[in-house]
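Shown below: model_10.cif, with mmCIF, C-alpha atoms.
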```cif
data_coords
loop_
_atom_site.group_PDB
_atom_site.id
_atom_site.type_symbol
_atom_site.label_atom_id
_atom_site.label_comp_id
_atom_site.auth_asym_id
_atom_site.auth_seq_id
_atom_site.Cartn_x
_atom_site.Cartn_y
_atom_site.Cartn_z
ATOM 1 C CA MET A 1465 0.000 0.000 0.000
ATOM 2 C CA ASP A 1466 1.393 3.394 -0.856
ATOM 3 C CA THR A 1467 0.804 7.087 -1.496
ATOM 4 C CA ASN A 1468 3.082 9.661 -3.081
ATOM 5 C CA ARG A 1469 5.028 9.968 0.187
ATOM 6 C CA ILE A 1470 4.779 6.707 2.087
ATOM 7 C CA ILE A 1471 4.577 2.930 1.852
ATOM 8 C CA LEU A 1472 2.898 0.626 4.346
ATOM 9 C CA ARG A 1473 4.919 -2.601 4.278
ATOM 10 C CA PRO A 1474 5.818 -5.452 6.648
ATOM 11 C CA TRP A 1475 8.546 -4.955 9.223
ATOM 12 C CA CYS A 1476 11.811 -6.850 8.759
ATOM 13 C CA ASP A 1477 14.832 -7.571 10.931
ATOM 14 C CA SER A 1478 16.918 -4.995 9.075
ATOM 15 C CA ASP A 1479 14.621 -2.263 10.456
ATOM 16 C CA ALA A 1480 15.862 -2.841 14.013
ATOM 17 C CA GLU A 1481 18.437 -0.037 14.103
ATOM 18 C CA VAL A 1482 16.149 2.617 12.665
ATOM 19 C CA LEU A 1483 13.301 1.433 14.877
ATOM 20 C CA TYR A 1484 15.546 1.875 17.922
ATOM 21 C CA LYS A 1485 16.560 5.342 16.694
ATOM 22 C CA TRP A 1486 12.961 6.532 16.741
ATOM 23 C CA ALA A 1487 11.442 4.324 19.454
ATOM 24 C CA SER A 1488 14.109 5.188 22.048
ATOM 25 C CA ASP A 1489 12.895 8.792 22.038
ATOM 26 C CA PRO A 1490 11.172 9.367 25.412
ATOM 27 C CA ASP A 1491 8.686 11.736 23.761
ATOM 28 C CA VAL A 1492 7.277 9.044 21.442
ATOM 29 C CA GLY A 1493 6.356 5.785 23.171
ATOM 30 C CA PRO A 1494 4.768 7.119 26.376
ATOM 31 C CA ARG A 1495 2.302 9.178 24.327
ATOM 32 C CA ALA A 1496 1.042 5.920 22.805
ATOM 33 C CA GLY A 1497 1.239 3.797 25.922
ATOM 34 C CA TRP A 1498 4.523 1.928 25.472
ATOM 35 C CA ALA A 1499 7.956 2.315 27.039
ATOM 36 C CA PRO A 1500 10.935 3.760 25.114
ATOM 37 C CA HIS A 1501 13.155 1.065 23.635
ATOM 38 C CA GLN A 1502 16.390 0.518 25.532
ATOM 39 C CA SER A 1503 18.504 -1.190 22.848
ATOM 40 C CA VAL A 1504 18.656 -2.317 19.225
ATOM 41 C CA GLU A 1505 18.225 -5.868 20.520
ATOM 42 C CA GLU A 1506 14.942 -4.909 22.171
ATOM 43 C CA SER A 1507 13.753 -3.279 18.952
ATOM 44 C CA LEU A 1508 14.605 -6.457 17.024
ATOM 45 C CA GLU A 1509 12.622 -8.510 19.528
ATOM 46 C CA ILE A 1510 9.645 -6.165 19.113
ATOM 47 C CA ILE A 1511 9.831 -6.620 15.334
ATOM 48 C CA ARG A 1512 9.872 -10.417 15.749
ATOM 49 C CA THR A 1513 7.030 -10.556 18.251
ATOM 50 C CA VAL A 1514 4.767 -7.475 18.353
ATOM 51 C CA PHE A 1515 5.270 -6.434 14.710
ATOM 52 C CA ASN A 1516 5.385 -9.942 13.235
ATOM 53 C CA ASP A 1517 1.805 -9.995 11.882
ATOM 54 C CA ALA A 1518 2.363 -8.881 8.286
ATOM 55 C CA LEU A 1519 -1.385 -8.960 7.543
ATOM 56 C CA HIS A 1520 -2.304 -6.413 10.204
ATOM 57 C CA THR A 1521 0.848 -4.489 11.217
ATOM 58 C CA TRP A 1522 3.000 -2.352 8.945
ATOM 59 C CA ALA A 1523 6.012 -0.114 8.988
ATOM 60 C CA ILE A 1524 5.388 3.402 7.675
ATOM 61 C CA GLU A 1525 8.243 3.852 5.205
ATOM 62 C CA LEU A 1526 9.086 7.307 3.903
ATOM 63 C CA LYS A 1527 9.763 6.974 0.177
ATOM 64 C CA GLU A 1528 12.188 9.887 0.211
ATOM 65 C CA THR A 1529 14.589 8.116 2.594
ATOM 66 C CA GLY A 1530 13.572 4.453 2.384
ATOM 67 C CA GLU A 1531 13.455 4.365 6.193
ATOM 68 C CA ALA A 1532 10.718 3.166 8.490
ATOM 69 C CA ILE A 1533 9.522 6.211 10.448
ATOM 70 C CA GLY A 1534 6.580 4.756 12.357
ATOM 71 C CA ALA A 1535 4.062 1.958 12.689
ATOM 72 C CA MET A 1536 0.429 1.417 11.729
ATOM 73 C CA GLY A 1537 -1.828 -1.525 12.486
ATOM 74 C CA TYR A 1538 -5.018 -3.030 13.853
ATOM 75 C CA GLY A 1539 -5.892 -6.151 15.791
ATOM 76 C CA PRO A 1540 -7.897 -7.708 18.624
ATOM 77 C CA SER A 1541 -9.020 -5.304 21.309
ATOM 78 C CA CYS A 1542 -9.244 -7.997 23.995
ATOM 79 C CA GLU A 1543 -5.889 -7.021 25.491
ATOM 80 C CA CYS A 1544 -6.899 -3.458 26.317
ATOM 81 C CA ASP A 1545 -9.515 -1.937 28.586
ATOM 82 C CA LEU A 1546 -11.312 0.125 25.938
ATOM 83 C CA PRO A 1547 -15.103 -0.484 25.781
ATOM 84 C CA ALA A 1548 -14.954 -2.408 22.504
ATOM 85 C CA ARG A 1549 -17.877 -4.221 20.935
ATOM 86 C CA GLU A 1550 -17.575 -7.981 20.577
ATOM 87 C CA GLY A 1551 -14.895 -8.786 17.984
ATOM 88 C CA GLU A 1552 -14.242 -5.100 17.267
ATOM 89 C CA PRO A 1553 -10.598 -4.478 16.282
ATOM 90 C CA LEU A 1554 -8.441 -1.776 17.830
ATOM 91 C CA ILE A 1555 -6.233 0.493 15.724
ATOM 92 C CA GLY A 1556 -2.845 1.817 16.784
ATOM 93 C CA TYR A 1557 -0.123 3.956 15.275
ATOM 94 C CA TRP A 1558 2.834 6.210 15.950
ATOM 95 C CA VAL A 1559 5.280 8.254 13.912
ATOM 96 C CA ALA A 1560 8.789 9.461 14.738
ATOM 97 C CA LYS A 1561 9.078 12.923 16.291
ATOM 98 C CA PRO A 1562 10.860 14.604 13.312
ATOM 99 C CA TYR A 1563 7.779 13.775 11.229
ATOM 100 C CA TRP A 1564 5.107 15.145 13.566
ATOM 101 C CA ASN A 1565 2.709 17.780 12.187
ATOM 102 C CA LYS A 1566 3.376 16.830 8.571
ATOM 103 C CA GLY A 1567 0.147 14.910 7.928
ATOM 104 C CA ILE A 1568 1.994 11.598 7.616
ATOM 105 C CA CYS A 1569 0.094 9.804 10.373
ATOM 106 C CA THR A 1570 -3.235 10.895 8.899
ATOM 107 C CA GLU A 1571 -2.111 9.774 5.452
ATOM 108 C CA ALA A 1572 -1.021 6.377 6.759
ATOM 109 C CA LEU A 1573 -4.233 5.841 8.735
ATOM 110 C CA ARG A 1574 -6.394 6.669 5.708
ATOM 111 C CA LEU A 1575 -4.348 4.231 3.647
ATOM 112 C CA MET A 1576 -4.919 1.454 6.177
ATOM 113 C CA LEU A 1577 -8.638 2.242 6.445
ATOM 114 C CA ASP A 1578 -8.994 2.013 2.651
ATOM 115 C CA HIS A 1579 -7.257 -1.374 2.810
ATOM 116 C CA ILE A 1580 -9.635 -2.555 5.549
ATOM 117 C CA ARG A 1581 -12.675 -1.457 3.550
ATOM 118 C CA GLU A 1582 -11.451 -3.190 0.406
ATOM 119 C CA THR A 1583 -10.226 -6.474 1.928
ATOM 120 C CA THR A 1584 -12.340 -7.181 5.043
ATOM 121 C CA ASP A 1585 -15.930 -7.230 6.238
ATOM 122 C CA ILE A 1586 -15.091 -5.379 9.456
ATOM 123 C CA LYS A 1587 -18.070 -3.269 10.525
ATOM 124 C CA SER A 1588 -16.398 -0.930 12.994
ATOM 125 C CA LEU A 1589 -13.079 -0.056 14.627
ATOM 126 C CA ILE A 1590 -12.306 1.323 18.067
ATOM 127 C CA SER A 1591 -9.436 3.520 19.122
ATOM 128 C CA GLY A 1592 -8.424 5.881 21.870
ATOM 129 C CA HIS A 1593 -5.819 8.395 22.902
ATOM 130 C CA PHE A 1594 -4.585 9.731 26.209
ATOM 131 C CA VAL A 1595 -6.330 13.033 26.822
ATOM 132 C CA ASP A 1596 -2.907 14.639 27.286
ATOM 133 C CA ASN A 1597 -2.098 13.690 23.659
ATOM 134 C CA PRO A 1598 -4.840 15.518 21.699
ATOM 135 C CA ALA A 1599 -2.847 15.451 18.436
ATOM 136 C CA SER A 1600 -3.488 11.709 18.138
ATOM 137 C CA GLY A 1601 -7.206 12.329 18.517
ATOM 138 C CA ARG A 1602 -7.150 14.902 15.727
ATOM 139 C CA VAL A 1603 -5.661 12.283 13.400
ATOM 140 C CA MET A 1604 -8.502 9.891 14.231
ATOM 141 C CA GLU A 1605 -11.211 12.504 13.738
ATOM 142 C CA LYS A 1606 -9.769 13.603 10.390
ATOM 143 C CA CYS A 1607 -10.204 9.993 9.293
ATOM 144 C CA GLY A 1608 -13.834 9.811 10.414
ATOM 145 C CA PHE A 1609 -13.562 8.401 13.941
ATOM 146 C CA VAL A 1610 -16.269 9.655 16.281
ATOM 147 C CA PRO A 1611 -15.825 10.333 20.006
ATOM 148 C CA THR A 1612 -18.136 7.957 21.872
ATOM 149 C CA GLY A 1613 -18.330 10.261 24.888
ATOM 150 C CA GLU A 1614 -16.556 7.666 27.019
ATOM 151 C CA THR A 1615 -13.211 7.780 28.781
ATOM 152 C CA CYS A 1616 -11.423 4.932 30.478
ATOM 153 C CA ILE A 1617 -8.246 4.104 32.370
ATOM 154 C CA ASP A 1618 -6.023 1.273 31.122
ATOM 155 C CA GLU A 1619 -3.349 0.582 33.703
ATOM 156 C CA LYS A 1620 -1.778 -2.056 31.448
ATOM 157 C CA GLN A 1621 -0.533 0.755 29.233
ATOM 158 C CA TYR A 1622 2.891 2.240 30.002
ATOM 159 C CA GLN A 1623 2.315 5.158 32.401
ATOM 160 C CA GLY A 1624 -1.388 4.402 32.082
ATOM 161 C CA MET A 1625 -2.266 4.749 35.755
ATOM 162 C CA GLY A 1626 -4.422 7.809 36.278
ATOM 163 C CA ARG A 1627 -4.256 8.879 32.608
ATOM 164 C CA PRO A 1628 -7.744 9.021 31.043
ATOM 165 C CA ILE A 1629 -8.129 7.660 27.523
ATOM 166 C CA ARG A 1630 -10.691 9.299 25.222
ATOM 167 C CA VAL A 1631 -12.540 6.632 23.216
ATOM 168 C CA LEU A 1632 -13.447 6.947 19.508
ATOM 169 C CA ARG A 1633 -15.116 4.624 17.021
ATOM 170 C CA LEU A 1634 -15.343 4.405 13.231
ATOM 171 C CA VAL A 1635 -18.313 2.700 11.601
ATOM 172 C CA ILE A 1636 -17.225 1.275 8.253
ATOM 173 C CA LYS A 1637 -19.438 2.311 5.365
ATOM 174 C CA THR A 1638 -19.827 0.569 2.017
ATOM 175 C CA ASN A 1639 -18.190 2.216 -0.972
ATOM 176 C CA MET A 1640 -21.588 3.238 -2.344
ATOM 177 C CA ASP A 1641 -22.590 4.846 0.924
ATOM 178 C CA LYS A 1642 -19.263 6.653 1.107
ATOM 179 C CA MET A 1643 -19.333 8.000 -2.427
ATOM 180 C CA ILE A 1644 -22.941 9.002 -3.042
ATOM 181 C CA GLY A 1645 -24.696 11.726 -1.083
ATOM 182 C CA TYR A 1646 -28.342 11.604 0.007
ATOM 183 C CA CYS A 1647 -29.228 13.638 -3.071
ATOM 184 C CA GLY A 1648 -27.254 11.446 -5.486
ATOM 185 C CA ILE A 1649 -24.300 13.809 -5.967
ATOM 186 C CA ASN A 1650 -20.974 11.993 -6.110
ATOM 187 C CA CYS A 1651 -19.085 13.177 -3.038
ATOM 188 C CA GLU A 1652 -15.825 11.896 -4.526
ATOM 189 C CA LYS A 1653 -15.925 14.883 -6.894
ATOM 190 C CA CYS A 1654 -16.761 17.478 -4.228
ATOM 191 C CA GLU A 1655 -14.013 20.029 -3.604
ATOM 192 C CA ALA A 1656 -14.816 20.138 0.115
ATOM 193 C CA ARG A 1657 -14.308 16.393 0.401
ATOM 194 C CA ILE A 1658 -11.108 16.499 -1.659
ATOM 195 C CA ALA A 1659 -9.733 19.315 0.502
ATOM 196 C CA THR A 1660 -10.488 17.225 3.592
ATOM 197 C CA ILE A 1661 -8.888 14.062 2.246
ATOM 198 C CA LYS A 1662 -5.766 15.958 1.185
ATOM 199 C CA ASP A 1663 -5.822 18.033 4.387
ATOM 200 C CA ASP A 1664 -5.137 21.021 2.122
ATOM 201 C CA ASP A 1665 -5.650 24.341 3.927
ATOM 202 C CA LYS A 1666 -5.234 26.427 0.767
ATOM 203 C CA MET A 1667 -7.940 24.385 -0.963
ATOM 204 C CA ARG A 1668 -10.175 24.815 2.095
ATOM 205 C CA GLU A 1669 -9.759 28.598 1.805
ATOM 206 C CA GLU A 1670 -10.701 28.501 -1.885
ATOM 207 C CA VAL A 1671 -13.759 26.316 -1.250
ATOM 208 C CA SER A 1672 -14.779 28.631 1.597
ATOM 209 C CA ARG A 1673 -14.546 31.666 -0.682
ATOM 210 C CA LYS A 1674 -16.563 29.996 -3.469
ATOM 211 C CA TRP A 1675 -19.298 28.709 -1.180
ATOM 212 C CA CYS A 1676 -19.653 32.037 0.644
ATOM 213 C CA GLU A 1677 -20.160 33.742 -2.715
ATOM 214 C CA LEU A 1678 -22.583 31.052 -3.917
ATOM 215 C CA PHE A 1679 -24.780 31.116 -0.809
ATOM 216 C CA HIS A 1680 -24.385 34.832 -0.053
ATOM 217 C CA THR A 1681 -23.020 34.251 3.431
ATOM 218 C CA ASP A 1682 -19.835 34.727 5.396
ATOM 219 C CA ILE A 1683 -20.314 31.846 7.838
ATOM 220 C CA ILE A 1684 -18.618 29.120 5.765
ATOM 221 C CA THR A 1685 -15.124 29.701 7.105
ATOM 222 C CA PRO A 1686 -12.190 27.435 6.066
ATOM 223 C CA ASP A 1687 -12.276 25.522 9.368
ATOM 224 C CA LYS A 1688 -15.792 24.331 8.475
ATOM 225 C CA ILE A 1689 -14.579 22.749 5.226
ATOM 226 C CA ASN A 1690 -14.051 19.307 6.755
ATOM 227 C CA CYS A 1691 -16.219 16.711 5.051
ATOM 228 C CA THR A 1692 -15.988 13.086 3.931
ATOM 229 C CA GLY A 1693 -19.499 12.892 2.546
ATOM 230 C CA CYS A 1694 -22.936 13.690 3.949
ATOM 231 C CA ARG A 1695 -23.575 10.020 4.741
ATOM 232 C CA GLY A 1696 -20.355 9.608 6.714
ATOM 233 C CA ASP A 1697 -20.273 9.121 10.477
ATOM 234 C CA GLY A 1698 -18.661 11.576 12.834
ATOM 235 C CA VAL A 1699 -17.337 14.096 10.347
ATOM 236 C CA LYS A 1700 -18.162 17.783 10.110
ATOM 237 C CA TYR A 1701 -20.457 18.153 7.123
ATOM 238 C CA PHE A 1702 -21.314 21.802 7.746
ATOM 239 C CA PHE A 1703 -22.979 22.349 4.367
ATOM 240 C CA CYS A 1704 -25.264 19.315 4.668
ATOM 241 C CA ASN A 1705 -26.223 20.184 8.238
ATOM 242 C CA GLU A 1706 -26.624 23.956 7.973
ATOM 243 C CA LEU A 1707 -27.369 24.979 4.375
ATOM 244 C CA CYS A 1708 -28.673 21.995 2.407
ATOM 245 C CA GLU A 1709 -32.264 20.894 3.045
ATOM 246 C CA ILE A 1710 -31.767 17.395 1.638
ATOM 247 C CA LYS A 1711 -30.069 15.578 4.502
ATOM 248 C CA PRO A 1712 -32.458 16.699 7.277
ATOM 249 C CA CYS A 1713 -35.422 15.932 5.016
ATOM 250 C CA VAL A 1714 -34.206 12.411 4.209
ATOM 251 C CA THR A 1715 -33.105 11.491 7.713
ATOM 252 C CA SER A 1716 -36.287 12.851 9.331
ATOM 253 C CA LYS A 1717 -38.251 10.362 7.214
ATOM 254 C CA GLY A 1718 -35.901 7.511 8.098
ATOM 255 C CA TYR A 1719 -34.697 7.048 4.520
ATOM 256 C CA GLY A 1720 -31.218 6.116 3.344
ATOM 257 C CA SER A 1721 -31.362 8.538 0.392
ATOM 258 C CA CYS A 1722 -33.777 10.472 -1.804
ATOM 259 C CA ALA A 1723 -34.089 7.281 -3.850
ATOM 260 C CA GLU A 1724 -36.464 5.836 -1.234
ATOM 261 C CA CYS A 1725 -38.870 8.788 -1.296
ATOM 262 C CA ALA A 1726 -42.119 8.545 -3.282
ATOM 263 C CA GLU A 1727 -41.900 12.295 -4.027
ATOM 264 C CA ILE A 1728 -38.521 12.068 -5.741
ATOM 265 C CA ASP A 1729 -39.821 13.149 -9.151
ATOM 266 C CA SER A 1730 -41.742 16.175 -7.853
ATOM 267 C CA CYS A 1731 -39.435 17.287 -5.025
ATOM 268 C CA THR A 1732 -38.489 20.956 -5.422
ATOM 269 C CA LYS A 1733 -35.736 20.675 -2.793
ATOM 270 C CA LEU A 1734 -34.002 17.936 -4.749
ATOM 271 C CA ALA A 1735 -34.438 19.773 -8.044
ATOM 272 C CA ALA A 1736 -32.931 22.931 -6.559
ATOM 273 C CA GLU A 1737 -29.960 21.012 -5.204
ATOM 274 C CA ILE A 1738 -28.957 18.844 -8.178
ATOM 275 C CA GLY A 1739 -30.503 20.790 -11.053
ATOM 276 C CA ASN A 1740 -29.554 19.136 -14.323
ATOM 277 C CA ASN A 1741 -26.755 17.069 -12.752
ATOM 278 C CA GLU A 1742 -27.132 13.922 -14.838
ATOM 279 C CA ASP A 1743 -24.607 11.986 -12.756
ATOM 280 C CA ALA A 1744 -26.629 12.624 -9.606
ATOM 281 C CA ARG A 1745 -29.860 11.495 -11.248
ATOM 282 C CA ASN A 1746 -28.180 8.341 -12.564
ATOM 283 C CA ASN A 1747 -26.793 7.605 -9.119
ATOM 284 C CA LEU A 1748 -30.283 7.913 -7.635
ATOM 285 C CA LYS A 1749 -31.612 5.529 -10.291
ATOM 286 C CA HIS A 1750 -28.884 3.062 -9.255
ATOM 287 C CA LEU A 1751 -29.887 3.427 -5.601
ATOM 288 C CA ILE A 1752 -33.561 2.932 -6.519
ATOM 289 C CA LYS A 1753 -32.677 -0.349 -8.244
ATOM 290 C CA ARG A 1754 -30.639 -1.424 -5.251
ATOM 291 C CA GLU A 1755 -33.598 -0.765 -2.942
ATOM 292 C CA GLN A 1756 -35.924 -2.690 -5.256
ATOM 293 C CA ASN A 1757 -33.568 -5.688 -5.273
ATOM 294 C CA LYS A 1758 -33.284 -5.925 -1.477
#
```

Could you render the structure from this file as structure tokens?
Amino acid sequence: MDTNRIILRPWCDSDAEVLYKWASDPDVGPRAGWAPHQSVEESLEIIRTVFNDALHTWAIELKETGEAIGAMGYGPSCECDLPAREGEPLIGYWVAKPYWNKGICTEALRLMLDHIRETTDIKSLISGHFVDNPASGRVMEKCGFVPTGETCIDEKQYQGMGRPIRVLRLVIKTNMDKMIGYCGINCEKCEARIATIKDDDKMREEVSRKWCELFHTDIITPDKINCTGCRGDGVKYFFCNELCEIKPCVTSKGYGSCAECAEIDSCTKLAAEIGNNEDARNNLKHLIKREQNK
């Protein structure tokens, strides 16, 4: 699995020295609940035991250097004290300190989540972060994880005694649900969604400017451009919640999309939103067929 900047690949013994270089930093491990590594030999043992599941645990390799700079993975949640649902996997990750605040962790997590969606039938994932490490929580929320409102203490974690953990969950959506909005518009083509996925602040500013002009308002500030689709869980879809009438209309009736509504052909709200968007109308036809075939 890869992006323009990183590769997610299995750990190997030859990574031991670079793993020790990053994992011995006292500012890294304790934030994630594990102790700093004390030697290259310990790092090698971690690779051979903790990181030995090549199907679920990966090194984050920076293409520019060819070095592993962090870890990403998921697995059984039975060994932690988070309030997981039965069989619900737990995600975990870390990245070396020189690469903090560069979007790499977010990029790697999104890459893993895409892999999970494409290769598994996992319905949801749980995660958590120490409340004194809010940056980790921001990574989760950018990728669609939702705070459950719960906190817990896990004394099995390194320095876990007395440190509250904020709990988040991601409900996995099907590709169709992720891509197609309630109104039929393909969210994959939406500039707000693209800006969110790329975590591109300049693009957020441009989308904010365009939408403020379009809707004659000044309330759509760049920080509100954070959207992974109106049918996504736990993301800020400001437009769909505050300006568009489609989502509240559909959800108030208990529908999954406009395709389920008997008034679809005469609905003025839908017509105003999608106009002559042929792609949106074709997507709704596809959803209608899917409902009919259930």

Matched chain/residue IDs from the PyMOL selection byres ((chain A and resi 1523-1538) around 10), as a VMD selection string: chain A and resid 1465 to 1476 1479 to 1480 1482 to 1483 1485 to 1487 1511 1515 1517 to 1522 1539 to 1541 1553 to 1563 1568 to 1569 1572 to 1573 1575 to 1577 1580 1589 to 1591

Identify which of the residues A:Cys1544, A:Cys1725, A:Leu1751, A:Val1504 lies closest to Lys1620 of chain A, counting all atoms listed in the file when measuring atom-to-atom distances.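 Between A:Cys1544, A:Cys1725, A:Leu1751, A:Val1504, the residue approaching Lys1620 of chain A most closely is A:Cys1544.
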
Rounded to one decimal in Å, what is the spacing between atom CA of Glu1481 of chain A and atom CA of Glu1619 of chain A?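 Computing it gives 29.3 Å between the two atoms.
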
Please evaluate the PyMOL selection byres ((chain A and resi 1704) around 10) against the displayed coordinates and give the resulting residues as an mmCIF file with C-alpha atoms, in the frame of the given file.
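Result written to result_36.cif:
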```cif
data_model
loop_
_atom_site.group_PDB
_atom_site.id
_atom_site.type_symbol
_atom_site.label_atom_id
_atom_site.label_comp_id
_atom_site.auth_asym_id
_atom_site.auth_seq_id
_atom_site.Cartn_x
_atom_site.Cartn_y
_atom_site.Cartn_z
ATOM 1 C CA GLY A 1645 -24.696 11.726 -1.083
ATOM 2 C CA TYR A 1646 -28.342 11.604 0.007
ATOM 3 C CA CYS A 1691 -16.219 16.711 5.051
ATOM 4 C CA GLY A 1693 -19.499 12.892 2.546
ATOM 5 C CA CYS A 1694 -22.936 13.690 3.949
ATOM 6 C CA ARG A 1695 -23.575 10.020 4.741
ATOM 7 C CA LYS A 1700 -18.162 17.783 10.110
ATOM 8 C CA TYR A 1701 -20.457 18.153 7.123
ATOM 9 C CA PHE A 1702 -21.314 21.802 7.746
ATOM 10 C CA PHE A 1703 -22.979 22.349 4.367
ATOM 11 C CA ASN A 1705 -26.223 20.184 8.238
ATOM 12 C CA GLU A 1706 -26.624 23.956 7.973
ATOM 13 C CA LEU A 1707 -27.369 24.979 4.375
ATOM 14 C CA CYS A 1708 -28.673 21.995 2.407
ATOM 15 C CA GLU A 1709 -32.264 20.894 3.045
ATOM 16 C CA ILE A 1710 -31.767 17.395 1.638
ATOM 17 C CA LYS A 1711 -30.069 15.578 4.502
ATOM 18 C CA PRO A 1712 -32.458 16.699 7.277
#
```

Atom CA of Asp1477 of chain A and atom CA of His1501 of chain A are how many Å apart?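 Between these atoms lies a distance of 15.5 Å.
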
Starting from the PyMOL selection byres ((chain A and resi 1661) around 9), expand the selection into actual residues of this file and give them as a ChimeraX atom specification. /A:1571,1574,1606-1607,1656-1660,1662-1664,1690-1692

Quick one: of A:Asp1489, A:Glu1505, A:Glu1550, A:Asp1545, who's nearest to Ile1617 of chain A, counting all atoms listed in the file?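 For Ile1617 of chain A, the nearest of the candidates is A:Asp1545.
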
Given all atoms listed in the file as the basis, pick out the residue of A:Arg1602, A:Ser1488, A:Asp1585, A:Pro1547 nearest to Asn1565 of chain A.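 Smallest distance to Asn1565 of chain A is found for A:Arg1602.
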
For atom CA of Asn1741 of chain A and atom CA of Pro1686 of chain A, determine how far apart the two atoms are, in Å to one decimal place.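 Result for atom CA of Asn1741 of chain A versus atom CA of Pro1686 of chain A: 26.0 Å, one decimal.
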
Option closest in space to Asn1747 of chain A, from A:Gly1648, A:Pro1494, A:Gly1592, A:Gly1551 [counting all atoms listed in the file]: A:Gly1648

Got a sec: who's within 12 Å of Lys1674 of chain A, counting all atoms listed in the file, leaving out chain neighbours fewer than 6 positions off, as number ranges by chain? A: 1655-1656, 1667-1668, 1680-1682, 1684-1686, 1689

Tell me which of A:Asn1597, A:Lys1733, A:Cys1651, A:Trp1498 sits closest to Val1514 of chain A, counting only C-alpha atoms.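 Of A:Asn1597, A:Lys1733, A:Cys1651, A:Trp1498, the one nearest Val1514 of chain A is A:Trp1498, counting only C-alpha atoms.
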